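The next block is final32.cif, given as mmCIF, C-alpha atoms.
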```cif
data_run
loop_
_atom_site.label_atom_id
_atom_site.label_comp_id
_atom_site.auth_asym_id
_atom_site.auth_seq_id
_atom_site.Cartn_x
_atom_site.Cartn_y
_atom_site.Cartn_z
CA MET A 22 -22.42 11.67 5.17
CA THR A 23 -19.44 11.61 7.57
CA VAL A 24 -15.85 11.49 6.34
CA PHE A 25 -14.27 8.53 8.11
CA SER A 26 -11.29 9.30 10.37
CA VAL A 27 -8.44 7.06 11.50
CA ARG A 28 -9.44 8.09 15.02
CA GLU A 29 -12.44 5.76 14.65
CA ALA A 30 -10.48 2.89 13.11
CA CYS A 31 -11.06 -0.52 14.71
CA VAL A 32 -7.45 -1.74 14.77
CA SER A 33 -5.65 -3.10 17.80
CA VAL A 34 -2.60 -4.95 19.09
CA PRO A 35 -3.35 -8.50 20.33
CA LEU A 36 -3.46 -8.87 24.11
CA ARG A 37 -1.26 -11.34 25.96
CA THR A 38 -4.41 -13.30 26.73
CA ASP A 39 -5.51 -13.50 23.08
CA SER A 40 -5.59 -16.75 21.13
CA LYS A 41 -6.21 -17.59 17.48
CA TYR A 42 -9.90 -17.94 18.33
CA SER A 43 -10.27 -14.65 20.20
CA ARG A 44 -8.51 -12.89 17.31
CA GLY A 45 -11.38 -13.99 15.08
CA VAL A 46 -12.23 -16.98 12.90
CA VAL A 47 -13.01 -16.23 9.25
CA ALA A 48 -14.58 -18.79 6.92
CA LEU A 49 -14.33 -17.99 3.21
CA LEU A 50 -16.73 -19.57 0.73
CA THR A 51 -15.18 -17.90 -2.29
CA GLY A 52 -13.77 -18.68 -5.72
CA SER A 53 -15.21 -20.94 -8.40
CA GLU A 54 -13.96 -23.28 -11.10
CA ARG A 55 -14.25 -20.39 -13.54
CA TYR A 56 -12.71 -17.78 -11.22
CA PRO A 57 -10.45 -19.61 -8.75
CA GLY A 58 -8.25 -16.53 -8.37
CA ALA A 59 -10.98 -14.71 -6.47
CA GLY A 60 -10.79 -17.40 -3.82
CA VAL A 61 -7.02 -17.04 -3.65
CA LEU A 62 -7.16 -13.25 -3.33
CA SER A 63 -9.96 -13.09 -0.75
CA ALA A 64 -8.42 -15.79 1.44
CA SER A 65 -4.92 -14.31 1.15
CA ALA A 66 -6.27 -10.91 2.16
CA ALA A 67 -8.04 -12.33 5.20
CA CYS A 68 -4.84 -14.04 6.33
CA SER A 69 -2.81 -10.86 5.78
CA ALA A 70 -5.25 -8.56 7.58
CA GLY A 71 -4.73 -10.16 10.97
CA ALA A 72 -7.49 -12.73 11.43
CA GLY A 73 -6.54 -15.29 14.04
CA TYR A 74 -7.79 -18.30 12.11
CA CYS A 75 -8.84 -18.59 8.45
CA ARG A 76 -10.85 -21.41 6.90
CA PHE A 77 -11.52 -21.90 3.18
CA TRP A 78 -14.05 -23.91 1.17
CA GLY A 79 -13.47 -23.36 -2.51
CA PRO A 80 -12.25 -24.85 -5.79
CA SER A 81 -9.31 -27.25 -5.94
CA LEU A 82 -7.23 -24.91 -8.11
CA ALA A 83 -7.50 -22.21 -5.46
CA LYS A 84 -6.59 -24.65 -2.69
CA ALA A 85 -3.41 -25.69 -4.49
CA SER A 86 -2.27 -22.08 -4.83
CA LEU A 87 -3.27 -21.14 -1.29
CA LEU A 88 -1.46 -24.11 0.23
CA LEU A 89 1.80 -22.75 -1.15
CA ALA A 90 1.17 -19.10 -0.26
CA HIS A 91 -0.71 -19.58 3.02
CA PRO A 92 -0.13 -22.99 4.62
CA GLU A 93 -1.76 -21.60 7.78
CA LEU A 94 -5.17 -21.81 6.07
CA VAL A 95 -7.51 -24.65 7.03
CA PHE A 96 -9.20 -26.22 4.02
CA ASP A 97 -12.81 -27.24 4.55
CA ASP A 98 -15.68 -29.08 2.99
CA GLU A 99 -19.39 -29.12 3.88
CA GLU A 100 -19.01 -31.61 6.71
CA SER A 101 -16.07 -29.95 8.47
CA LEU A 102 -17.56 -26.45 8.19
CA THR A 103 -20.97 -27.57 9.42
CA SER A 104 -19.37 -29.01 12.53
CA ALA A 105 -17.47 -25.75 13.09
CA LEU A 106 -20.38 -23.31 12.65
CA SER A 107 -20.36 -22.09 16.24
CA ARG A 108 -16.67 -21.10 16.06
CA VAL A 109 -16.87 -18.92 12.94
CA SER A 110 -16.99 -15.18 13.67
CA CYS A 111 -17.43 -13.97 10.09
CA TRP A 112 -18.20 -15.56 6.73
CA VAL A 113 -17.08 -14.22 3.35
CA VAL A 114 -19.15 -15.44 0.42
CA GLY A 115 -19.59 -14.80 -3.28
CA SER A 116 -16.20 -13.54 -4.51
CA GLY A 117 -15.58 -15.25 -7.85
CA PHE A 118 -19.11 -16.63 -8.18
CA ALA A 119 -20.75 -16.21 -11.59
CA GLY A 120 -24.06 -16.58 -9.71
CA LEU A 121 -25.57 -18.56 -6.85
CA ASP A 122 -28.26 -21.23 -7.17
CA ALA A 123 -29.03 -24.74 -5.99
CA SER A 124 -26.38 -26.24 -8.30
CA GLU A 125 -23.65 -24.64 -6.18
CA PRO A 126 -22.49 -27.09 -3.44
CA ARG A 127 -22.13 -24.20 -0.99
CA PHE A 128 -25.67 -22.95 -1.64
CA PRO A 129 -27.43 -24.53 1.39
CA LEU A 130 -24.95 -23.12 3.88
CA ILE A 131 -24.87 -19.69 2.25
CA SER A 132 -28.68 -19.58 2.17
CA GLN A 133 -28.69 -20.36 5.87
CA LEU A 134 -26.38 -17.43 6.52
CA PHE A 135 -28.52 -15.06 4.45
CA ALA A 136 -31.68 -15.93 6.38
CA GLN A 137 -30.26 -15.54 9.87
CA ASP A 138 -31.39 -11.98 10.66
CA TYR A 139 -35.04 -12.50 9.85
CA GLN A 140 -35.89 -16.10 10.67
CA SER A 141 -35.26 -18.22 13.74
CA ALA A 142 -33.72 -21.66 13.54
CA SER A 143 -37.12 -23.26 14.19
CA SER A 144 -38.78 -21.57 11.21
CA ASN A 145 -35.95 -21.51 8.68
CA PRO A 146 -35.70 -24.62 6.47
CA TYR A 147 -32.06 -23.91 5.67
CA VAL A 148 -31.14 -23.77 9.35
CA GLU A 149 -32.97 -27.05 9.93
CA LEU A 150 -31.06 -28.58 7.03
CA GLY A 151 -27.73 -27.42 8.44
CA ALA A 152 -28.61 -28.70 11.90
CA LEU A 153 -29.65 -32.07 10.47
CA ARG A 154 -26.38 -32.42 8.61
CA ALA A 155 -24.45 -31.52 11.75
CA ALA A 156 -26.37 -34.10 13.75
CA ASN A 157 -25.70 -36.76 11.13
CA SER A 158 -21.99 -35.98 11.28
CA GLY A 159 -21.91 -36.52 15.04
CA SER A 160 -21.76 -32.82 15.93
CA THR A 161 -23.51 -31.12 18.83
CA SER A 162 -27.03 -29.70 19.05
CA ALA A 163 -28.70 -27.51 16.46
CA ALA A 164 -28.39 -24.53 18.80
CA ALA A 165 -24.65 -25.06 19.09
CA THR A 166 -24.21 -25.23 15.32
CA SER A 167 -26.41 -22.29 14.38
CA PRO A 168 -24.41 -19.40 12.83
CA ALA A 169 -26.86 -16.85 14.22
CA SER A 170 -24.18 -14.97 16.14
CA SER A 171 -21.82 -14.61 13.17
CA TYR A 172 -21.44 -11.90 10.53
CA VAL A 173 -21.45 -12.22 6.75
CA VAL A 174 -19.64 -10.37 3.94
CA VAL A 175 -21.58 -10.77 0.67
CA ASP A 176 -19.69 -10.06 -2.54
CA ALA A 177 -20.03 -10.33 -6.32
CA GLY A 178 -21.97 -13.37 -7.55
CA ALA A 179 -23.86 -13.86 -4.29
CA LEU A 180 -25.39 -10.38 -4.22
CA LEU A 181 -28.61 -11.10 -6.11
CA ALA A 182 -29.19 -14.30 -4.14
CA PHE A 183 -28.85 -12.23 -0.99
CA VAL A 184 -31.41 -9.74 -2.27
CA GLY A 185 -33.80 -12.58 -3.08
CA ALA A 186 -33.35 -14.19 0.34
CA ARG A 187 -33.95 -10.86 2.11
CA LYS A 188 -37.07 -10.09 0.09
CA VAL A 189 -38.51 -13.45 1.12
CA GLY A 190 -37.24 -13.20 4.71
CA LYS A 191 -38.78 -9.78 5.28
CA THR A 192 -42.29 -11.23 5.09
CA GLY A 193 -43.71 -10.49 8.54
CA ALA A 194 -40.48 -8.80 9.68
CA SER A 195 -38.75 -5.49 9.13
CA ALA A 196 -35.12 -4.58 8.60
CA GLU A 197 -35.16 -2.72 11.89
CA ASP A 198 -36.02 -5.86 13.89
CA SER A 199 -32.33 -6.63 14.41
CA ALA A 200 -28.96 -4.97 14.07
CA PRO A 201 -27.29 -5.64 10.71
CA ARG A 202 -25.07 -8.71 10.56
CA CYS A 203 -24.48 -8.70 6.80
CA VAL A 204 -22.47 -6.31 4.66
CA ILE A 205 -22.68 -6.25 0.87
CA THR A 206 -19.87 -4.95 -1.32
CA PRO A 207 -21.13 -4.01 -4.81
CA HIS A 208 -19.40 -1.82 -7.35
CA THR A 209 -21.65 0.48 -9.36
CA GLY A 210 -22.50 -2.13 -11.98
CA GLU A 211 -23.49 -4.65 -9.33
CA MET A 212 -25.39 -1.97 -7.43
CA ALA A 213 -27.39 -1.27 -10.59
CA ARG A 214 -28.46 -4.92 -10.66
CA VAL A 215 -29.33 -4.82 -6.95
CA MET A 216 -31.40 -1.67 -7.41
CA THR A 217 -33.15 -3.20 -10.41
CA ALA A 218 -34.03 -6.29 -8.37
CA LEU A 219 -35.34 -4.20 -5.47
CA THR A 220 -37.29 -1.57 -7.40
CA SER A 221 -38.35 -3.55 -10.49
CA LYS A 222 -37.12 -0.59 -12.53
CA ARG A 223 -34.10 -0.66 -14.80
CA TRP A 224 -30.97 0.86 -13.30
CA THR A 225 -27.62 1.36 -15.05
CA HIS A 226 -24.22 1.89 -13.52
CA GLN A 227 -24.26 5.45 -14.86
CA ARG A 228 -27.48 6.13 -12.98
CA VAL A 229 -25.96 4.70 -9.79
CA GLU A 230 -22.87 6.88 -10.27
CA GLU A 231 -25.12 9.93 -10.41
CA GLN A 232 -26.72 9.20 -7.02
CA PRO A 233 -24.50 6.78 -5.07
CA ARG A 234 -25.57 7.97 -1.62
CA HIS A 235 -29.24 7.52 -2.43
CA CYS A 236 -28.67 4.00 -3.77
CA ALA A 237 -26.57 2.89 -0.82
CA LYS A 238 -29.09 4.27 1.69
CA TYR A 239 -32.05 2.76 -0.14
CA VAL A 240 -30.47 -0.70 -0.17
CA ALA A 241 -29.30 -0.49 3.44
CA ASP A 242 -32.77 0.49 4.61
CA ASN A 243 -34.61 -2.10 2.53
CA LEU A 244 -32.31 -5.05 3.14
CA GLY A 245 -31.30 -4.28 6.73
CA CYS A 246 -27.60 -4.54 5.98
CA VAL A 247 -24.48 -2.41 5.72
CA VAL A 248 -23.69 -1.36 2.16
CA VAL A 249 -20.14 -0.77 0.97
CA LEU A 250 -20.56 0.83 -2.46
CA LYS A 251 -17.09 0.56 -3.94
CA GLY A 252 -15.26 3.15 -6.01
CA ASN A 253 -12.46 5.70 -5.74
CA THR A 254 -14.86 7.26 -3.26
CA THR A 255 -16.49 4.46 -1.28
CA TYR A 256 -19.74 4.86 0.64
CA VAL A 257 -20.28 2.80 3.79
CA VAL A 258 -23.94 3.05 4.71
CA ALA A 259 -25.98 1.39 7.45
CA PRO A 260 -29.63 2.14 8.25
CA GLU A 261 -28.49 4.52 11.02
CA GLU A 262 -24.91 5.40 10.05
CA GLN A 263 -23.05 6.67 6.97
CA TYR A 264 -19.37 7.13 6.08
CA GLU A 265 -17.52 8.38 3.02
CA LEU A 266 -13.92 7.42 2.21
CA SER A 267 -11.83 8.71 -0.69
CA SER A 268 -8.78 6.68 -1.71
CA PRO A 269 -5.39 8.38 -2.08
CA THR A 270 -4.75 6.29 -5.22
CA THR A 271 -6.63 5.63 -8.45
CA TRP A 272 -4.38 2.65 -9.24
CA LEU A 273 -6.77 0.39 -7.27
CA ALA A 274 -9.05 0.31 -10.34
CA SER A 275 -7.69 -3.14 -11.18
CA ALA A 276 -9.14 -6.63 -11.46
CA GLY A 277 -9.27 -8.58 -8.21
CA THR A 278 -9.00 -5.70 -5.77
CA GLY A 279 -12.68 -6.10 -4.83
CA ASP A 280 -12.01 -9.71 -3.82
CA ILE A 281 -9.25 -8.41 -1.56
CA LEU A 282 -11.61 -5.94 0.10
CA ALA A 283 -14.03 -8.78 0.88
CA GLY A 284 -11.26 -10.74 2.62
CA ILE A 285 -10.07 -7.70 4.55
CA LEU A 286 -13.60 -6.99 5.74
CA GLY A 287 -13.96 -10.58 6.90
CA ALA A 288 -10.76 -10.38 8.91
CA LEU A 289 -11.56 -7.06 10.59
CA ILE A 290 -15.14 -8.05 11.40
CA ALA A 291 -13.89 -11.31 12.92
CA GLN A 292 -11.26 -9.49 14.99
CA ASN A 293 -13.90 -7.12 16.34
CA SER A 294 -16.73 -9.64 16.72
CA ALA A 295 -16.68 -9.58 20.54
CA LYS A 296 -16.82 -5.77 20.56
CA LEU A 297 -19.64 -5.88 18.03
CA ARG A 298 -21.66 -8.26 20.16
CA ASP A 299 -21.09 -6.04 23.21
CA ASN A 300 -22.03 -2.90 21.21
CA LYS A 301 -18.62 -1.35 21.87
CA VAL A 302 -18.18 -0.61 18.17
CA SER A 303 -20.66 -0.35 15.32
CA PHE A 304 -20.76 -2.69 12.35
CA ALA A 305 -20.52 0.22 9.92
CA THR A 306 -17.41 1.56 11.69
CA VAL A 307 -15.66 -1.80 11.41
CA CYS A 308 -16.57 -1.99 7.72
CA ALA A 309 -15.27 1.54 7.13
CA THR A 310 -12.01 0.51 8.80
CA GLY A 311 -11.73 -2.33 6.29
CA VAL A 312 -12.22 0.09 3.41
CA LEU A 313 -9.54 2.38 4.84
CA LEU A 314 -7.09 -0.51 5.27
CA HIS A 315 -7.71 -1.61 1.68
CA SER A 316 -7.16 1.94 0.43
CA VAL A 317 -3.89 2.41 2.31
CA ALA A 318 -2.60 -0.98 1.12
CA GLY A 319 -3.35 0.08 -2.45
CA ALA A 320 -1.62 3.42 -2.01
CA LEU A 321 1.47 1.72 -0.58
CA ALA A 322 1.48 -0.92 -3.32
CA SER A 323 1.28 1.73 -6.06
CA LYS A 324 3.93 3.84 -4.30
CA VAL A 325 1.67 6.89 -4.30
CA ILE A 326 2.59 7.34 -0.63
CA THR A 327 5.23 5.92 1.67
CA PRO A 328 4.53 4.38 5.10
CA GLU A 329 5.81 7.56 6.73
CA SER A 330 3.72 9.92 4.64
CA ALA A 331 0.72 7.61 5.07
CA VAL A 332 0.87 8.07 8.85
CA GLN A 333 1.14 11.84 8.43
CA LEU A 334 -1.78 11.86 6.01
CA LEU A 335 -3.99 9.77 8.28
CA ARG A 336 -3.15 11.94 11.26
CA GLY A 337 -4.15 15.04 9.32
CA ASP A 338 -0.67 16.58 9.52
CA VAL A 339 -0.37 16.95 5.73
CA GLU A 340 -2.63 17.10 2.68
CA LEU A 341 -2.50 14.44 0.00
CA ASP A 342 -1.24 16.92 -2.62
CA ASP A 343 1.76 17.65 -0.40
CA VAL A 344 2.99 14.03 -0.19
CA ALA A 345 1.46 12.11 -3.12
CA GLN A 346 3.63 10.72 -5.90
CA LEU A 347 2.41 9.74 -9.36
CA GLY A 348 2.75 6.11 -8.43
CA GLN A 349 2.86 3.04 -10.62
CA PRO A 350 0.55 0.27 -11.81
CA LEU A 351 -0.34 -2.45 -9.34
CA THR A 352 -1.86 -5.88 -9.42
CA ALA A 353 -4.21 -7.30 -6.83
CA SER A 354 -1.43 -9.60 -5.63
CA THR A 355 0.83 -6.65 -4.81
CA VAL A 356 -2.00 -5.08 -2.78
CA VAL A 357 -2.18 -8.27 -0.69
CA ASP A 358 1.56 -8.01 -0.11
CA HIS A 359 1.06 -4.57 1.49
CA ILE A 360 -1.95 -5.31 3.72
CA ALA A 361 0.07 -6.16 6.83
CA GLN A 362 2.19 -3.02 6.43
CA ALA A 363 -0.95 -0.94 5.92
CA TYR A 364 -2.44 -2.37 9.12
CA GLY A 365 0.67 -1.24 10.99
CA VAL A 366 0.35 2.23 9.45
CA LEU A 367 -3.28 2.48 10.57
CA LEU A 368 -2.37 1.26 14.04
CA GLN A 369 0.43 3.80 14.40
CA ALA A 370 -1.75 6.69 13.19
CA HIS A 371 -4.70 5.60 15.32
CA GLU A 372 -2.65 5.28 18.51
CA SER A 373 -0.95 8.62 17.85
CA VAL A 374 -4.24 10.46 17.34
CA SER A 375 -5.91 8.72 20.29
CA GLY A 376 -2.99 9.65 22.53
CA GLN A 377 -3.63 13.34 21.84
CA GLU A 378 -7.12 13.19 23.33
#
```
structure tokens encoding of this file:
Amino acid sequence: MTVFSVREACVSVPLRTDSKYSRGVVALLTGSERYPGAGVLSASAACSAGAGYCRFWGPSLAKASLLLAHPELVFDDEESLTSALSRVSCWVVGSGFAGLDASEPRFPLISQLFAQDYQSASSNPYVELGALRAANSGSTSAAATSPASSYVVVDAGALLAFVGARKVGKTGASAEDSAPRCVITPHTGEMARVMTALTSKRWTHQRVEEQPRHCAKYVADNLGCVVVLKGNTTYVVAPEEQYELSSPTTWLASAGTGDILAGILGALIAQNSAKLRDNKVSFATVCATGVLLHSVAGALASKVITPESAVQLLRGDVELDDVAQLGQPLTASTVVDHIAQAYGVLLQAHESVSGQE
């Protein structure tokens, strides 16, 4: 297990030739009538983490709040998102879902995304359904609307549906047949449910806490995805790559911060989608960068570190014990407020360390 370094962080300054599309398009299918706040937090985080263009399909209560806080967001429905499939770089799904089944209006599209690594458009009924809907709405060809080149962040209530889709999709295929395009973001309780579904043996969150590396590796290998097992120490595990990141603050143990991580991951994956396609960076490295950004934003929000000491800490010039303060309680909303500043801190530390090479 490798300790992730800011030297590897996938952060960058936009080029003069960049546009909102080249900076990454994120589509968030998050929030529910029961938990609209998860949609607000995930979408706000994606906007704050530097995505060029953010789209949102979620509950009306979340839309009303987001319109005030982030008028730059584009609000979607099934028809508008289906016609825009080819433009989306990364999808974020599941935050705020109590579960995912056919009663959920976003279920057909999400199922299509889950199946993309293992089944071609010609053999996947969900892809055919999405293509048919696009054709009926006057869009372009099925090939143009297929999301097969996009990435997916799977969170919370969509996790077990993802496991089910992968178990079905692996029939006649193996996880190694394609590079991972999906990342799942369970905490230990959710990981226990994932492990139970995969092994048919009962797992508890305590059992996961006793062997987090094993669980993350087992799931990554069996589902062909990147696993971000959340906690004060977070494990980012791909079938061929593993990172460990410890947060400088324990104040992030607060409701809603996981929704924020999902949005951050969506933004960073979208920003780096061209480099991912060209194999210039790895999917696990981009995901680890998202975890680091989330951690620094939390540390700044709780005032455990300052922007200046954060740069020193990331560079390796000081130890945490030398600069850390006791801090103060935070809410998820205050973490969102510090994401942009945290991105700047990461960028400064990354450029400084890279310049020493």
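Closest to A:Leu219 among A:Val307, A:Val32, A:Val184, A:Val317 is A:Val184, based on only C-alpha atoms.
With the shown file loaded, the PyMOL selection byres ((chain A and resi 322) around 7) picks out A:Ala318, A:Gly319, A:Ala320, A:Leu321, A:Ser323, A:Lys324, A:Leu351, A:Thr355, A:Val356, A:His359.
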Open item on the list: So that I can see what lies close to A:Thr306, please list as an MDAnalysis selection string the residues with an atom at most 9 Å from it, counting only C-alpha atoms and leaving out residues fewer than 3 positions away in the same chain.
Closed with: chainID A and resid 25 29:31 257 262:264 302:303 309:311
Task: Top pick for closest residue to A:Leu106, considering A:Ala64, A:Leu134, A:Ala331, A:Leu297 and counting only C-alpha atoms - done: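 Looking only at the distances to A:Leu106, the closest residue turns out to be A:Leu134.
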Task: atom CA of A:Phe118 to atom CA of A:Ala177, distance in Å rounded to a single decimal - done: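 It comes out at 6.6 Å.
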Open item on the list: Set the distance at 10 Å and use only C-alpha atoms: which residues neighbour A:Val248 once local chain neighbours fewer than 5 positions away are removed? I'd like the list as a list in words.
Closed with: Val175, Cys203, Val204, Ile205, Thr206, Pro207, Met212, Cys236, Ala237, Lys238, Tyr239, Val240, Ala241, Asp242, Thr255, Tyr256, Val257, Val258, Ala259, Pro260, Gln263, Ala305 and Cys308 of chain A
Task: Pick from A:Cys246, A:Ile281, A:Ala186, A:Leu49 nearest to A:Cys111, counting only C-alpha atoms - done: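 Comparing A:Cys246, A:Ile281, A:Ala186, A:Leu49 against A:Cys111, the winner is A:Leu49.
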Would you list the residues near (-5.6, -5.3, 21.1) (no more than 12 Å away, in the coordinates of the file, using only C-alpha atoms) as a PDB file with C-alpha atoms, in the frame of the given file?
```pdb
ATOM      1  CA  CYS A  31     -11.060  -0.520  14.710  1.00  0.00           C
ATOM      2  CA  VAL A  32      -7.450  -1.740  14.770  1.00  0.00           C
ATOM      3  CA  SER A  33      -5.650  -3.100  17.800  1.00  0.00           C
ATOM      4  CA  VAL A  34      -2.600  -4.950  19.090  1.00  0.00           C
ATOM      5  CA  PRO A  35      -3.350  -8.500  20.330  1.00  0.00           C
ATOM      6  CA  LEU A  36      -3.460  -8.870  24.110  1.00  0.00           C
ATOM      7  CA  ARG A  37      -1.260 -11.340  25.960  1.00  0.00           C
ATOM      8  CA  THR A  38      -4.410 -13.300  26.730  1.00  0.00           C
ATOM      9  CA  ASP A  39      -5.510 -13.500  23.080  1.00  0.00           C
ATOM     10  CA  SER A  40      -5.590 -16.750  21.130  1.00  0.00           C
ATOM     11  CA  SER A  43     -10.270 -14.650  20.200  1.00  0.00           C
ATOM     12  CA  ARG A  44      -8.510 -12.890  17.310  1.00  0.00           C
ATOM     13  CA  GLY A  71      -4.730 -10.160  10.970  1.00  0.00           C
ATOM     14  CA  GLN A 292     -11.260  -9.490  14.990  1.00  0.00           C
ATOM     15  CA  ASN A 293     -13.900  -7.120  16.340  1.00  0.00           C
ATOM     16  CA  ALA A 295     -16.680  -9.580  20.540  1.00  0.00           C
ATOM     17  CA  LYS A 296     -16.820  -5.770  20.560  1.00  0.00           C
ATOM     18  CA  LEU A 368      -2.370   1.260  14.040  1.00  0.00           C
ATOM     19  CA  GLU A 372      -2.650   5.280  18.510  1.00  0.00           C
TER      20      GLU A 372
END
```
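Counting all atoms listed in the file and comparing A:Lys84, A:Ser373, A:Arg234, A:Glu99, the residue that lies closest to A:Thr23 is A:Arg234.
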Task: Who sits within 6 Å of A:Gly277, all atoms listed in the file, same chain under 2 positions skipped, as a PyMOL selection string - done: chain A and resi 279-280+353
Open item on the list: What's the separation between atom CA of A:Val189 and atom CA of A:Thr217, in Å to one decimal place?
Closed with: 16.3 Å
- [ ] Take atom CA of A:Pro269 and atom CA of A:Glu231 and report the distance between them in Å, one decimal.
- [x]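 Taking atom CA of A:Pro269 and atom CA of A:Glu231, their separation equals 21.5 Å.
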Open item on the list: Take the PyMOL selection byres ((chain A and resi 93-96) around 8), run it mentally on this structure, and tell me the resulting residues as a ChimeraX atom specification.
Closed with: /A:68,74-78,84,87-88,91-92,97-98
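With only C-alpha atoms as the basis for measurement, A:Thr278 is the residue among A:Ser294, A:Thr51, A:Ser268, A:Thr278 that approaches A:His208 most closely.
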- [ ] Can you give me, as a list of chain:residue names, the residues this file yields under the PyMOL selection byres ((chain A and resi 211) around 10)?
- [x]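 Against this file, the PyMOL selection byres ((chain A and resi 211) around 10) returns the residues A:Asp176, A:Ala177, A:Gly178, A:Leu180, A:Leu181, A:Thr206, A:Pro207, A:His208, A:Thr209, A:Gly210, A:Met212, A:Ala213, A:Arg214, A:Val215, A:Met216, A:Thr217, A:Thr225, A:His226, A:Val229, A:Leu250, A:Lys251.
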Task: Distance criterion (all atoms listed in the file): nearest to A:Gln369 out of A:Arg28, A:Leu266, A:Glu125, A:Leu130 - done: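 Comparing A:Arg28, A:Leu266, A:Glu125, A:Leu130 against A:Gln369, the winner is A:Arg28.
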Excluding A:Ser53 and residues on its chain fewer than 3 positions from it, collect all residues at most 10 Å away from it, counting only C-alpha atoms, and give them as a tab-separated table (two decimals) with C-alpha atoms, in the coordinates of the input.
```tsv
chain	number	residue	atom	x	y	z
A	50	LEU	CA	-16.73	-19.57	0.73
A	56	TYR	CA	-12.71	-17.78	-11.22
A	57	PRO	CA	-10.45	-19.61	-8.75
A	58	GLY	CA	-8.25	-16.53	-8.37
A	59	ALA	CA	-10.98	-14.71	-6.47
A	60	GLY	CA	-10.79	-17.40	-3.82
A	79	GLY	CA	-13.47	-23.36	-2.51
A	80	PRO	CA	-12.25	-24.85	-5.79
A	81	SER	CA	-9.31	-27.25	-5.94
A	82	LEU	CA	-7.23	-24.91	-8.11
A	83	ALA	CA	-7.50	-22.21	-5.46
A	115	GLY	CA	-19.59	-14.80	-3.28
A	116	SER	CA	-16.20	-13.54	-4.51
A	117	GLY	CA	-15.58	-15.25	-7.85
A	118	PHE	CA	-19.11	-16.63	-8.18
A	119	ALA	CA	-20.75	-16.21	-11.59
A	120	GLY	CA	-24.06	-16.58	-9.71
A	125	GLU	CA	-23.65	-24.64	-6.18
```
Exercise on stretch 325-338 of chain A, axis-aligned box with 4 Å per side, report centre and edge lengths in Å to one decimal, as lines of an AutoDock Vina configuration file:
```
center_x = 0.8
center_y = 10.5
center_z = 3.5
size_x = 18.0
size_y = 20.2
size_z = 23.6
```
Extract stretch 213-229 of chain A from the structure I just pasted (atoms: C-alpha atoms) and return it as a PDB file, in the first residue's frame.
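For reference, decode.pdb as written:
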```pdb
ATOM      1  CA  ALA A 213     -19.907  -4.538   4.885  1.00  0.00           C
ATOM      2  CA  ARG A 214     -23.069  -4.722   2.788  1.00  0.00           C
ATOM      3  CA  VAL A 215     -21.037  -4.905  -0.422  1.00  0.00           C
ATOM      4  CA  MET A 216     -18.886  -7.711   0.976  1.00  0.00           C
ATOM      5  CA  THR A 217     -21.980  -9.564   2.158  1.00  0.00           C
ATOM      6  CA  ALA A 218     -23.501  -9.307  -1.319  1.00  0.00           C
ATOM      7  CA  LEU A 219     -20.310 -10.533  -2.987  1.00  0.00           C
ATOM      8  CA  THR A 220     -19.381 -13.361  -0.620  1.00  0.00           C
ATOM      9  CA  SER A 221     -22.835 -14.455   0.595  1.00  0.00           C
ATOM     10  CA  LYS A 222     -21.376 -14.347   4.108  1.00  0.00           C
ATOM     11  CA  ARG A 223     -22.386 -11.848   6.763  1.00  0.00           C
ATOM     12  CA  TRP A 224     -19.991  -8.949   7.180  1.00  0.00           C
ATOM     13  CA  THR A 225     -20.203  -6.181   9.792  1.00  0.00           C
ATOM     14  CA  HIS A 226     -18.583  -2.782   9.757  1.00  0.00           C
ATOM     15  CA  GLN A 227     -16.370  -3.896  12.651  1.00  0.00           C
ATOM     16  CA  ARG A 228     -15.099  -6.793  10.566  1.00  0.00           C
ATOM     17  CA  VAL A 229     -14.371  -4.432   7.666  1.00  0.00           C
TER      18      VAL A 229
END
```
